[in-house]
Structures are given as structure tokens and as C-alpha cells.
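Undergrad: I am attaching a structure below and will ask some questions about it afterwards.
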Amino acid sequence: MESLSLYESLAWLYLLIRWAVAILLLIVALTLLFLTWRLRGIFHWKQSIRREIDALPEMASGRDDAFRAAVDVVYQRCNRQWKTATIDLSRELDVMAFIRSIAACFHPDAEQPELSVEIGSLFQFAENLSRHLQQILSRPVFSRLRHVRIRHLHHAVDRYRTLQANPVVRFSVRNRLWLQRLNHLRLIALPDPISWLIRLLNQWIVLRLLRFFLVDITLFIGRQAVLAYGEHRNSPERQPSVEDIESALEDMKREEEFVDPFLDESTRDIRSRLLAGRYYLRPPTWKQWKTAIRELVEQKARLYFPESVSPTEEALLIVLLRETEALLETISRSRRIVVLKNLHGIRLASLLRIGKALDTPVSRLSGNLLLRSLDTYQWASIPLKVFHMIRRASPAGIAWQTGWFLLQRSLWYYMGKLAFDAMALRIDRVYRLSVQSEKPD
């Protein structure tokens, strides 16, 4: 067989290189096409969120200054979450501060503007948020989170922050607008130009889902809060009548002996420290609630993950979100509870308002009897008995004031106990289901 000449050898080499490059480009193109197809749900979700953010100003069109200011609070927060290069979970999850800033636009003179909302609106808010969260979790992209735990999320955020601290990355972030114009051909559009380095990593997918989830939930909560505080702010508050008060106290009396859910002794101790002694004093503050729930979470986490260094971070993210949706649904169903049926038009501030207690023998007797009922099972019987006694012996005005005083204090315990028990059961399910789904990393 004759050997090939140098020219023929070079020609064959050239053809082989061309075929190799063509095959390599085809593989890269097919890979990118496959990734684009697999991540199409993320792309669609991103576009949907961006459209909703851009449509926010239309919500404030033709409204008064307070309404426009509240919508602007939502718009600015969502835009910041959308554009920020890092994720600060402690800041983004401070929902109460966000809602307070919206409520302050409508009630600037209120000491606690977030309480200027009707109880019925809170139940509607919980129902709407539950449905929206259910829609989000039904997206196929969330199937990727079935084995992601909170500690994985923290690790991903920490590594992303480390990457952002790199000098090359800092330069690209500072000049991202210029670099984005040079990157028109990229298939995965991200807020920063270095994202192509990590687009094939599973951590990137988790971080994108987290960011879109935070923006989506923030946007929804913000819009619902604007409507809840803005639509009914000028409508007169419906005060309960004497008959409504008596009916509510009687309903609570009938439910006095309702059976506790399955709670262990340590959980009952946490609930007792949170709620006991609150009748004649003050209801638990938001800080006290957070402390109690944090203690409850730590207790359940240690129970199910005794060998973990950070047991609270062992919760599966998808389980946590599903149980949160179930908790919101439970809260929304509370509107059907007989005790609360005539209280939907009352603002939360009225229910929690302490005011100056009536300095009369009647009010002092009411308070003393309520305090004594803390150590008995008659937490609802005694307020009803006191009300009947006052109503028979006092003018209508005094009877209403004393009845409302008694109903307030009884509802604090009743609603607080319902809320705590519901959260305790859901927190227990989060860690129980997380340990059942545990698999090697």
C-alpha cells in the first residue's frame, strides 16, 4: 500500500479536525438544548414574576398617596430581591417587618400599624396565601428539592457568597451591564454575567428556585397586604353587640373541654409558659411568640435528629413548604369556628387593645376571677358566669364594656392555644417526615 504524501496527510488531518469540531459543537448544542428544555419551567416562572413586578405600578393608578406609597414599598422590595447578588435569608424572611412597612403607609400614626386589619381579612389572607403556595409547589421544577435540606441551602448560599468575593467576580458584577451587552447569545439569562460558570451545577438551580420563590411570595404577600390594609381602612369598624359577646362566651363554654391534640409534656410546658397568666395582663408579644416557636423547633429537631450538629437545619425544604401551606389552610378554616363567626369585622388592634381597665369593683372582681381560672379547667366557664352576673346587676354600658373585656381575654387564650397547637403539630410533622426521607448525601 502506497504511503500518503505530506499534502494528503495534512488534508486528512484537516478533515478529521473539522469533523471532531463539528461533533463537539453538536454535542454542546444538544447539551444546551437539553438543559434549556429541562429548565424551561424556571424560565417561564422567571418571566411570569418579572411581568407581575412590572405591572405593580398599574395597581396604584388612580389611587391616593397612601395606596401608591404602599405599592411602592412592595415594588422596591421585590426589585431589590430580584437584582441583589446575594441572598440574606434572615432579612428576606422577616415578613412582619415587611407587612408593618405597608400598614404604616395607611396608618402612619398607629403605634403598631400592622394590627389595623380586620380579623376576617386575616382569614382571607391565609386562604389566598395557602392557595398561592400550593400553586407554586405544584410546579415540576420543585421536584428537584425533594432531597434538599436547610443545611444544603445554607451551604449553597455560603459558597455563592465566597464566589462573589473573588476579585474577578467583583469586577464582573461592577461591569455587568457592559458585559451583558456582549453576552446576547447566552441561553440562560441571569442577573450577573458570571452565572454561566455555575449554570450546570445543581446548587445553581436550588439558588435560582430559592430566589424566584422569595420574590414570588414577597410579591404576593405585598399585594394582599396592600389590599387588606388599604381597601377597608375608611370603613367603620363593626363592634360586637352584647348579644354577640354573650353568644361568643357561650360558644367557648361549649368548647371548654375540647381534647388537646397529641402533644408531649415538653411541648405543653412551652405552651403554658407562652399563654399562662395572659388574661388580665397582656397577650404574648411577637417576640415572645418567636422565642416559643424557636424553642419548639429546637426541641423537635433534637428529638428526631439527636446526632446532628445542627438538628434544626435537617428539615427537608419541600416538606417545610408543604407543611406551611397546610398550616395556612388550617388557619383559613378557623373562620368557620362558631366562636369567631361574629367577629370578622373587628380589627385586630381592638381585640388586642389593653386600654385602661375600668377602675371599679366590678372590673377588679372580673380580673381576679379570670386570674383564678388559670389554675382550673374553667377558663371559659368563669368569664361567662361573670358576664351574666354583671349584666343582671349593671347598666347596659357597663355590661358591654365588661363583657368585651372578658371576651378579649378569653379569646387571647383560645386563639393562642389553637394557633400554637396547629404549629406544634406541623413542626413535628416537618422533622418526622424529614427523618423518614433521610438518605446518604
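Labeling convention for the C-alpha cells: chains A, B, ... as they appear, residues from 1 per chain, ligands from 1 in order of appearance.
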Taking 6 positions as the minimum chain separation for residues in the same chain, which residues sit within 10 Å of Ala97 in chain A when counting only C-alpha atoms? Answer as a list in words.
TA: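 What passes the distance filter is Arg91, Ala103 and Glu114 of chain A.
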Undergrad: The selected residues should be written to file as a PDB file, in the first residue's frame (atoms: N, CA, C and O atoms).
TA:
```pdb
ATOM      1  N   ARG A  91     -32.987  38.451  56.535  1.00  0.00           N
ATOM      2  CA  ARG A  91     -33.657  39.690  56.152  1.00  0.00           C
ATOM      3  C   ARG A  91     -34.877  39.426  55.283  1.00  0.00           C
ATOM      4  O   ARG A  91     -35.936  40.022  55.480  1.00  0.00           O
ATOM      5  N   ALA A 103     -48.420  48.540  56.174  1.00  0.00           N
ATOM      6  CA  ALA A 103     -49.513  49.049  57.008  1.00  0.00           C
ATOM      7  C   ALA A 103     -49.247  50.488  57.449  1.00  0.00           C
ATOM      8  O   ALA A 103     -50.187  51.288  57.582  1.00  0.00           O
ATOM      9  N   GLU A 114     -49.559  47.336  61.939  1.00  0.00           N
ATOM     10  CA  GLU A 114     -49.891  46.011  61.399  1.00  0.00           C
ATOM     11  C   GLU A 114     -51.140  45.424  62.048  1.00  0.00           C
ATOM     12  O   GLU A 114     -51.722  44.466  61.519  1.00  0.00           O
TER      13      GLU A 114
END
```
Undergrad: Could you name the residues that touch range 283-290 of chain A at 12 Å or less, counting only C-alpha atoms, but leaving out those on the same chain fewer than 2 positions away, as a VMD selection string?
TA: chain A and resid 94 96 to 97 112 114 to 115 270 to 281 292 to 297 349 351 to 354 408 to 417 419 to 420 423
Undergrad: Mind pulling up the distance from CA of Arg336 in chain A to CA of Phe387 in chain A?
TA: 24.6 Å
Undergrad: Could you check which of A:Val206, A:Ile318, A:Gln124, A:Lys341 is closest to Met252 in chain A, using only C-alpha atoms?
TA: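 Comparing A:Val206, A:Ile318, A:Gln124, A:Lys341 against Met252 in chain A, the winner is A:Lys341.
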Undergrad: Quick one: residues within 12 Å of Asp244 in chain A, only C-alpha atoms, excluding same-chain residues fewer than 2 positions away - as a VMD selection string?
TA: chain A and resid 238 to 242 246 to 251 338 to 344 346 400 403 to 404 407
Undergrad: Do you know which residues are at most 8 Å from range 429-439 of chain A counting only C-alpha atoms, after dropping those on the same chain fewer than 5 positions away, and could you put them as a ChimeraX atom specification?
TA: /A:147,300-301,304-305,314-316,319-320,323
Undergrad: Could you turn the residues from that selection into a file that holds C-alpha atoms, as a CSV table (one decimal), in the first residue's frame?
TA:
```csv
chain,number,residue,atom,x,y,z
A,147,HIS,CA,-33.8,15.8,48.9
A,300,LYS,CA,-38.5,18.7,67.8
A,301,ALA,CA,-35.3,18.8,65.8
A,304,TYR,CA,-35.7,13.4,65.5
A,305,PHE,CA,-32.0,14.2,64.7
A,314,GLU,CA,-32.0,18.9,58.9
A,315,ALA,CA,-35.6,19.7,57.8
A,316,LEU,CA,-36.3,19.0,54.1
A,319,VAL,CA,-41.6,19.2,53.5
A,320,LEU,CA,-41.3,22.5,55.3
A,323,GLU,CA,-46.5,21.9,55.9
```
Undergrad: Tell me which protein, DNA and RNA residues are within 7 Å of Ala104 in chain A, counting only C-alpha atoms, leaving out same-chain ones fewer than 4 positions away, and put them as number ranges by chain.
TA: A: 100, 108, 113
Undergrad: Go ahead and write the selection's residues with all heavy atoms as a PDB file, in the first residue's frame.
TA:
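What ended up in again-v1.pdb:
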```pdb
ATOM      1  N   ARG A 100     -45.477  45.398  58.232  1.00  0.00           N
ATOM      2  CA  ARG A 100     -45.568  46.618  59.049  1.00  0.00           C
ATOM      3  C   ARG A 100     -45.280  47.857  58.211  1.00  0.00           C
ATOM      4  O   ARG A 100     -45.935  48.894  58.372  1.00  0.00           O
ATOM      5  CB  ARG A 100     -44.596  46.519  60.222  1.00  0.00           C
ATOM      6  CG  ARG A 100     -44.739  47.654  61.240  1.00  0.00           C
ATOM      7  CD  ARG A 100     -43.777  47.472  62.394  1.00  0.00           C
ATOM      8  NE  ARG A 100     -44.026  46.220  63.087  1.00  0.00           N
ATOM      9  CZ  ARG A 100     -43.160  45.215  63.123  1.00  0.00           C
ATOM     10  NH1 ARG A 100     -42.001  45.305  62.490  1.00  0.00           N
ATOM     11  NH2 ARG A 100     -43.451  44.109  63.772  1.00  0.00           N
ATOM     12  N   PRO A 108     -50.126  55.853  59.486  1.00  0.00           N
ATOM     13  CA  PRO A 108     -48.818  56.371  59.913  1.00  0.00           C
ATOM     14  C   PRO A 108     -48.753  56.752  61.383  1.00  0.00           C
ATOM     15  O   PRO A 108     -47.658  56.806  61.951  1.00  0.00           O
ATOM     16  CB  PRO A 108     -48.630  57.606  59.014  1.00  0.00           C
ATOM     17  CG  PRO A 108     -50.017  58.008  58.621  1.00  0.00           C
ATOM     18  CD  PRO A 108     -50.795  56.741  58.521  1.00  0.00           C
ATOM     19  N   PRO A 113     -49.058  49.633  63.420  1.00  0.00           N
ATOM     20  CA  PRO A 113     -49.973  49.709  62.266  1.00  0.00           C
ATOM     21  C   PRO A 113     -50.384  48.354  61.719  1.00  0.00           C
ATOM     22  O   PRO A 113     -51.444  48.226  61.109  1.00  0.00           O
ATOM     23  CB  PRO A 113     -49.156  50.502  61.237  1.00  0.00           C
ATOM     24  CG  PRO A 113     -47.730  50.328  61.651  1.00  0.00           C
ATOM     25  CD  PRO A 113     -47.753  50.232  63.147  1.00  0.00           C
TER      26      PRO A 113
END
```
Undergrad: Point out the residue among A:Ile221, A:Val141, A:Ile23, A:Leu56 with the least atom-to-atom distance to Gln76 in chain A, counting only C-alpha atoms.
TA: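 Once distances to Gln76 in chain A are computed over only C-alpha atoms, the minimum belongs to A:Leu56.
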Undergrad: Grab the CA of Ile102 in chain A to CA of Asp72 in chain A distance for me, in Å with one decimal place.
TA: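 Calculated distance between CA of Ile102 in chain A and CA of Asp72 in chain A is 9.2 Å.
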Undergrad: Using only C-alpha atoms, which protein or nucleic acid residues come within 10 Å of Leu137 in chain A? Drop anything in the same chain fewer than 3 positions from it, and give the result as an MDAnalysis selection string.
TA: chainID A and resid 131:134 140:143 213 318 321:322 325
